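Structure below is final_3.cif: mmCIF, C-alpha atoms.
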data_run
#
loop_
_atom_site.label_atom_id
_atom_site.label_comp_id
_atom_site.auth_asym_id
_atom_site.auth_seq_id
_atom_site.Cartn_x
_atom_site.Cartn_y
_atom_site.Cartn_z
CA MET R 241 25.68 2.48 16.77
CA LEU R 242 21.99 3.43 16.93
CA GLU R 243 21.71 1.57 20.23
CA VAL R 244 24.69 3.46 21.64
CA LEU R 245 23.29 6.82 20.54
CA ASP R 246 19.89 5.96 21.97
CA GLN R 247 21.46 5.00 25.30
CA VAL R 248 23.27 8.34 25.43
CA ARG R 249 20.01 10.13 24.64
CA THR R 250 18.16 8.35 27.45
CA GLY R 251 21.01 8.81 29.92
CA THR R 252 21.72 5.08 30.42
CA LEU R 253 25.18 5.50 28.87
CA SER R 254 27.55 8.39 29.50
CA PRO R 255 29.21 10.17 26.58
CA ALA R 256 32.60 8.99 27.87
CA ASP R 257 31.48 5.35 27.92
CA ALA R 258 29.91 5.78 24.49
CA LEU R 259 33.22 7.09 23.18
CA GLY R 260 34.92 3.98 24.52
CA THR R 261 32.34 1.77 22.85
CA LEU R 262 32.86 3.54 19.53
CA SER R 263 36.64 3.80 19.85
CA ASP R 264 37.31 0.90 17.48
CA LEU R 265 34.96 2.22 14.79
CA PRO R 266 35.08 2.30 11.86
CA TYR R 267 37.84 -0.33 11.94
CA ALA R 268 40.07 -2.29 14.29
CA GLU R 269 43.65 -3.40 13.73
CA ILE R 270 44.56 -6.92 14.84
CA ALA R 271 48.26 -7.64 15.18
CA HIS R 272 49.61 -11.12 14.50
CA ALA R 273 52.94 -12.83 13.88
CA VAL R 274 53.39 -11.30 10.42
CA GLY R 275 51.88 -7.84 9.96
CA SER R 276 48.32 -7.05 10.96
CA THR R 277 44.73 -7.36 9.78
CA MET R 278 42.33 -4.43 9.53
CA ILE R 279 38.74 -5.34 10.43
CA ASP R 280 36.12 -3.09 8.85
CA HIS R 281 33.36 -2.66 11.45
CA HIS R 282 31.51 -0.03 9.43
CA ARG R 283 31.07 -2.12 6.28
CA GLU R 284 27.57 -3.27 7.17
CA LEU R 285 26.58 0.29 8.06
CA ARG R 286 27.78 1.49 4.64
CA THR R 287 26.72 -1.41 2.43
CA GLY R 288 24.21 -3.51 4.37
CA VAL R 289 26.62 -6.48 4.33
CA PRO R 290 29.25 -7.14 7.01
CA GLU R 291 32.84 -8.07 6.32
CA ILE R 292 33.13 -11.74 5.32
CA VAL R 293 36.52 -13.32 5.95
CA PHE R 294 38.09 -14.92 2.87
CA GLY R 295 40.03 -17.85 4.28
CA ASP R 296 42.10 -18.77 1.25
CA GLY R 297 45.65 -17.48 1.71
CA LYS R 298 45.20 -16.74 5.41
CA THR R 299 46.59 -18.76 8.29
CA PRO R 300 44.23 -20.35 10.83
CA GLU R 301 45.50 -17.86 13.41
CA GLN R 302 44.62 -14.91 11.16
CA ILE R 303 41.18 -16.33 10.42
CA ALA R 304 40.51 -17.03 14.10
CA ALA R 305 41.52 -13.50 15.11
CA ALA R 306 39.32 -11.94 12.44
CA LEU R 307 36.33 -14.09 13.38
CA ARG R 308 36.69 -13.24 17.07
CA GLU R 309 36.90 -9.50 16.41
CA LEU R 310 33.94 -9.48 14.02
CA ALA R 311 31.82 -11.61 16.35
CA ARG R 312 32.75 -9.42 19.33
CA ARG R 313 31.14 -6.41 17.69
CA ALA R 314 28.35 -7.97 15.61
CA GLY R 315 27.46 -11.14 17.50
CA GLY R 316 28.35 -13.44 14.62
CA ALA R 317 31.00 -13.80 11.93
CA ILE R 318 31.63 -15.97 8.91
CA ALA R 319 34.70 -17.12 6.99
CA THR R 320 34.76 -18.83 3.60
CA ARG R 321 37.13 -21.19 1.76
CA ILE R 322 38.13 -23.12 4.86
CA ASP R 323 39.90 -26.31 3.80
CA PRO R 324 39.99 -29.39 6.08
CA GLY R 325 43.41 -28.54 7.51
CA LYS R 326 42.36 -25.02 8.45
CA ALA R 327 39.06 -26.34 9.79
CA ALA R 328 40.89 -28.64 12.21
CA ALA R 329 43.20 -25.83 13.31
CA LEU R 330 40.28 -23.43 13.78
CA ARG R 331 38.47 -25.94 16.00
CA ALA R 332 41.54 -26.05 18.23
CA LEU R 333 41.93 -22.25 18.29
CA VAL R 334 38.23 -21.41 18.63
CA PRO R 335 36.35 -24.42 20.08
CA GLU R 336 32.94 -22.78 19.62
CA VAL R 337 33.41 -22.31 15.86
CA VAL R 338 30.98 -24.21 13.61
CA ILE R 339 32.44 -25.72 10.43
CA HIS R 340 30.27 -26.45 7.40
CA GLU R 341 32.56 -28.85 5.59
CA LEU R 342 30.71 -29.10 2.26
CA ALA R 343 30.49 -25.32 1.86
CA ARG R 344 34.00 -24.79 3.33
CA ILE R 345 32.58 -22.20 5.72
CA ALA R 346 33.32 -21.40 9.37
CA MET R 347 30.80 -19.54 11.53
CA LEU R 348 31.26 -18.04 14.97
CA GLY R 349 28.40 -16.85 17.13
CA ALA R 350 24.95 -15.85 15.99
CA PRO R 351 24.41 -12.95 13.61
CA VAL R 352 22.40 -9.97 14.74
CA ALA R 353 18.90 -9.38 13.40
CA ARG R 354 19.06 -8.03 9.87
CA PRO R 355 16.55 -6.42 7.50
CA ALA R 356 13.76 -8.66 6.27
CA ALA R 357 14.43 -10.44 3.00
CA ALA R 358 12.16 -12.33 0.63
CA PRO R 359 12.91 -16.03 -0.02
CA ILE R 360 15.82 -17.02 -2.25
CA ALA R 361 15.95 -20.28 -4.21
CA VAL R 362 19.44 -21.75 -4.64
CA VAL R 363 19.19 -24.11 -7.61
CA CYS R 364 22.12 -26.45 -8.19
CA ALA R 365 22.69 -28.30 -11.46
CA GLY R 366 24.72 -31.27 -10.21
CA THR R 367 25.99 -32.84 -7.01
CA SER R 368 29.51 -31.73 -7.92
CA ASP R 369 28.31 -28.12 -7.86
CA LEU R 370 27.00 -28.43 -4.30
CA PRO R 371 30.02 -26.87 -2.50
CA VAL R 372 29.48 -23.58 -4.34
CA ALA R 373 25.69 -23.78 -4.06
CA GLU R 374 25.85 -24.44 -0.33
CA GLU R 375 28.32 -21.59 0.10
CA ALA R 376 25.75 -19.29 -1.52
CA ALA R 377 22.91 -20.70 0.59
CA LEU R 378 24.73 -20.38 3.92
CA VAL R 379 25.94 -16.85 3.22
CA ALA R 380 22.42 -15.79 2.21
CA GLU R 381 21.03 -17.29 5.43
CA PHE R 382 23.77 -15.59 7.48
CA LEU R 383 22.65 -12.30 5.93
CA GLY R 384 19.08 -12.95 7.02
CA ALA R 385 17.38 -14.36 3.95
CA PRO R 386 15.24 -17.53 3.98
CA VAL R 387 16.64 -20.06 1.49
CA VAL R 388 15.03 -22.88 -0.47
CA ARG R 389 17.55 -25.44 -1.75
CA VAL R 390 16.86 -27.25 -5.04
CA SER R 391 19.68 -29.65 -5.88
CA ASP R 392 20.74 -31.95 -8.73
CA VAL R 393 18.30 -30.60 -11.34
CA GLY R 394 20.70 -30.16 -14.26
CA VAL R 395 19.45 -30.21 -17.83
CA ALA R 396 20.80 -33.71 -18.51
CA GLY R 397 17.55 -34.75 -16.84
CA VAL R 398 15.41 -31.68 -17.38
CA HIS R 399 12.31 -33.43 -16.01
CA ARG R 400 13.89 -33.12 -12.54
CA LEU R 401 13.97 -29.34 -12.94
CA LEU R 402 10.40 -29.14 -14.24
CA ALA R 403 9.20 -31.10 -11.22
CA ARG R 404 10.61 -28.42 -8.88
CA LEU R 405 9.46 -25.32 -10.76
CA ASP R 406 6.70 -24.50 -8.28
CA ALA R 407 9.18 -24.38 -5.39
CA ILE R 408 11.53 -22.20 -7.44
CA ARG R 409 8.74 -19.83 -8.48
CA ASP R 410 7.71 -19.41 -4.85
CA ALA R 411 11.02 -17.61 -4.23
CA ALA R 412 11.56 -13.94 -5.00
CA ILE R 413 15.14 -14.37 -6.27
CA VAL R 414 16.85 -17.35 -7.90
CA ILE R 415 20.53 -18.30 -7.72
CA ALA R 416 21.47 -20.89 -10.38
CA VAL R 417 24.74 -22.76 -9.88
CA ALA R 418 26.14 -24.85 -12.74
CA GLY R 419 29.35 -26.15 -14.27
CA MET R 420 30.00 -28.19 -17.43
CA GLU R 421 28.22 -26.32 -20.27
CA ALA R 422 26.16 -24.33 -17.73
CA ALA R 423 22.81 -24.61 -19.49
CA LEU R 424 20.75 -24.42 -16.30
CA PRO R 425 20.53 -20.60 -16.03
CA SER R 426 19.42 -20.28 -19.66
CA VAL R 427 16.68 -22.85 -19.15
CA LEU R 428 15.55 -21.21 -15.92
CA GLY R 429 15.71 -17.80 -17.56
CA GLY R 430 13.08 -18.97 -20.03
CA LEU R 431 10.81 -20.43 -17.34
CA VAL R 432 10.70 -18.01 -14.41
CA ASP R 433 10.07 -14.28 -14.04
CA ARG R 434 12.31 -13.81 -11.02
CA PRO R 435 15.68 -12.01 -10.89
CA LEU R 436 18.26 -14.69 -11.70
CA VAL R 437 21.86 -14.70 -10.47
CA ALA R 438 24.01 -17.29 -12.25
CA VAL R 439 27.16 -18.83 -10.76
CA PRO R 440 29.52 -20.74 -13.06
CA THR R 441 31.54 -23.44 -11.34
CA SER R 442 34.89 -24.96 -12.20
CA VAL R 443 33.28 -28.41 -12.49
CA GLY R 444 33.82 -30.17 -15.82
CA TYR R 445 36.16 -32.12 -18.06
CA GLY R 446 39.24 -30.68 -19.77
CA VAL R 447 37.66 -28.47 -22.41
CA SER R 448 35.57 -26.74 -19.73
CA LEU R 449 38.79 -24.91 -18.76
CA ASP R 450 38.09 -24.78 -15.02
CA GLY R 451 34.82 -22.94 -15.46
CA LEU R 452 35.69 -20.54 -18.29
CA VAL R 453 33.31 -22.32 -20.66
CA ALA R 454 30.52 -22.14 -18.05
CA LEU R 455 31.24 -18.45 -17.50
CA GLY R 456 31.17 -17.74 -21.24
CA ALA R 457 27.97 -19.72 -21.71
CA MET R 458 26.19 -17.77 -18.98
CA LEU R 459 27.39 -14.42 -20.34
CA ALA R 460 26.31 -15.43 -23.86
CA SER R 461 22.91 -16.77 -22.79
CA CYS R 462 19.95 -15.98 -25.04
CA ALA R 463 17.74 -15.68 -21.93
CA LEU R 464 17.54 -11.98 -21.09
CA GLY R 465 18.27 -10.42 -17.73
CA ILE R 466 20.63 -13.00 -16.21
CA THR R 467 23.20 -11.59 -13.80
CA VAL R 468 26.49 -13.52 -13.82
CA VAL R 469 29.14 -13.57 -11.08
CA ASN R 470 32.66 -14.94 -11.13
CA ILE R 471 33.59 -18.62 -11.30
CA ASP R 472 32.81 -20.45 -8.01
CA ASN R 473 31.74 -17.15 -6.43
CA GLY R 474 28.87 -18.31 -4.26
CA VAL R 475 29.50 -15.45 -1.85
CA GLY R 476 29.08 -12.78 -4.52
CA ALA R 477 25.88 -14.41 -5.76
CA ALA R 478 24.47 -14.56 -2.23
CA VAL R 479 25.19 -10.88 -1.53
CA ALA R 480 23.62 -9.78 -4.83
CA ALA R 481 20.55 -11.95 -4.22
CA VAL R 482 20.12 -10.78 -0.62
CA ARG R 483 20.20 -7.13 -1.64
CA MET R 484 17.44 -7.79 -4.18
CA ALA R 485 15.52 -9.93 -1.69
CA ARG R 486 15.55 -7.12 0.87
CA LEU R 487 14.06 -4.75 -1.69
CA ALA R 488 11.44 -7.36 -2.59
CA ALA R 489 10.51 -7.80 1.08
CA HIS R 490 9.87 -4.08 1.46
CA ARG R 491 7.98 -3.67 -1.79
CA GLU R 492 4.48 -2.38 -1.23
CA PRO R 493 1.71 -4.76 -2.40
CA PRO R 494 -0.20 -3.66 -5.51
CA PRO R 495 -3.48 -1.81 -4.89
#

Any chance you could put this one into structure tokens?
Amino acid sequence: MLEVLDQVRTGTLSPADALGTLSDLPYAEIAHAVGSTMIDHHRELRTGVPEIVFGDGKTPEQIAAALRELARRAGGAIATRIDPGKAAALRALVPEVVIHELARIAMLGAPVARPAAAPIAVVCAGTSDLPVAEEAALVAEFLGAPVVRVSDVGVAGVHRLLARLDAIRDAAIVIAVAGMEAALPSVLGGLVDRPLVAVPTSVGYGVSLDGLVALGAMLASCALGITVVNIDNGVGAAVAAVRMARLAAHREPPP
């Protein structure tokens, strides 16, 4: 929008053409076989974060249409919770789409330049937690933040975590992803002085109740200042971390 206004100011774009460019703001309606989808083009202007397509419950055709419309305006678009069947259908509908199978993410195009962000460490307790951790990492990168991945450092072998502390402390924000009893965020909360966003996962045996035990453990942590998002919500963790990382990047150095 700033580019359009600047072009009008300099005379390189007529007001009529500018009106046409802005005609589908703040949203665009995409019709499909059943109903329609409303794409929010102003979300990034309002919140600093663009619309992210939630693929669960949508058809491949709906996801493809949303990705195309978002990418048309912003250069790049992202969809989450893309299962293998939808991934195959999306490749047929949109050949240029990039599928990240582990994270269950589809990306189209290249995102526009975004505000600078300080580094984020995505720390994953176990290999089974990697899909959620990688979802958080890819979304954070899509939003313009540099990401350091630290994987398989759960407290069952706490020496693995201690060996990576320097890399974690080099980041400005930490995302900790854990299932089972979810002890990782509490341990990290007692070792680092960075903002910590904890993500419980649904990984675990029967009594873990699909992540409810992990969620409760993170909320009940004795380590102060931990922010907790919903079960398996790597996207929510990434957005929270990126907003903090942008503030950290713009913080003035001490005198």

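For the pair CA of Thr367 (chain R) and CA of Thr299 (chain R), the separation is 29.3 Å.
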
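The environment of Leu245 (chain R) within 9 Å, counting only C-alpha atoms and disregarding residues fewer than 5 places along the same chain, consists of R:Thr250, R:Leu253, R:Ala258.
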
Given the point (17.6, -19.5, -7.1) in the file's coordinates, find the residues that have an atom at most 6 Å from it, counting only C-alpha atoms, and give them as an MDAnalysis selection string. chainID R and resid 360:363 413:416

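Between CA of Ala305 (chain R) and CA of Glu341 (chain R) the separation is 20.2 Å.
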
Just want the 7 Å neighbourhood of region 431-438 of chain R, counted on only C-alpha atoms, with same-chain residues fewer than 6 positions away dropped. Output as a PyMOL selection string. chain R and resi 409+412-417+425+466-469+477+481

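You can rank R:Ala403, R:Leu383, R:Leu449, R:Met458 by their closest distance to Ala418 (chain R) using all atoms listed in the file, and at the top of that list sits R:Met458.
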
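Reported to one decimal place, the separation of CA of Asp296 (chain R) from CA of Met420 (chain R) is 24.2 Å.
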
Given the file above and the PyMOL selection byres ((chain R and resi 293) around 8), which residues are selected, and can you give them as a VMD selection string? chain R and resid 291 to 292 294 to 295 303 306 to 307 318 to 320

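Comparing R:Gly419, R:Gly288, R:Gly384, R:Gly349 by their smallest distance to Glu309 (chain R), the closest is R:Gly349 (using only C-alpha atoms).
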
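Applied to this file, the PyMOL selection byres ((chain R and resi 375) around 8) selects the residues Thr320, Ala343, Arg344, Ile345, Pro371, Val372, Ala373, Glu374, Ala376, Ala377, Leu378, Val379, Gly474 and Val475 of chain R.
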
Distance query region 324-332 of chain R at most 8 Å, all atoms listed in the file, self and fewer than 2 positions along chain excluded, as a count of residues only: 13

Would you mind telling me which residue in R:Leu428, R:Val390, R:Arg308, R:Asp323 lies nearest to Met347 (chain R) when using all atoms listed in the file? R:Arg308

Measuring between only C-alpha atoms, which one of R:Arg354, R:Arg312, R:His399, R:Arg404 shows the shortest distance to Arg486 (chain R)? R:Arg354

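For the structure shown here, the set of residues caught by the PyMOL selection byres ((chain R and resi 445-448) around 12) is Ala418, Gly419, Met420, Glu421, Ala422, Pro440, Thr441, Ser442, Val443, Gly444, Leu449, Asp450, Gly451, Leu452, Val453, Ala454, Leu455, Gly456, Ala457 and Ile471 of chain R.
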
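The residue that comes closest to Arg483 (chain R), out of R:Leu402, R:Val352, R:Ala311, R:Val289 and on the basis of all atoms listed in the file, is R:Val289.
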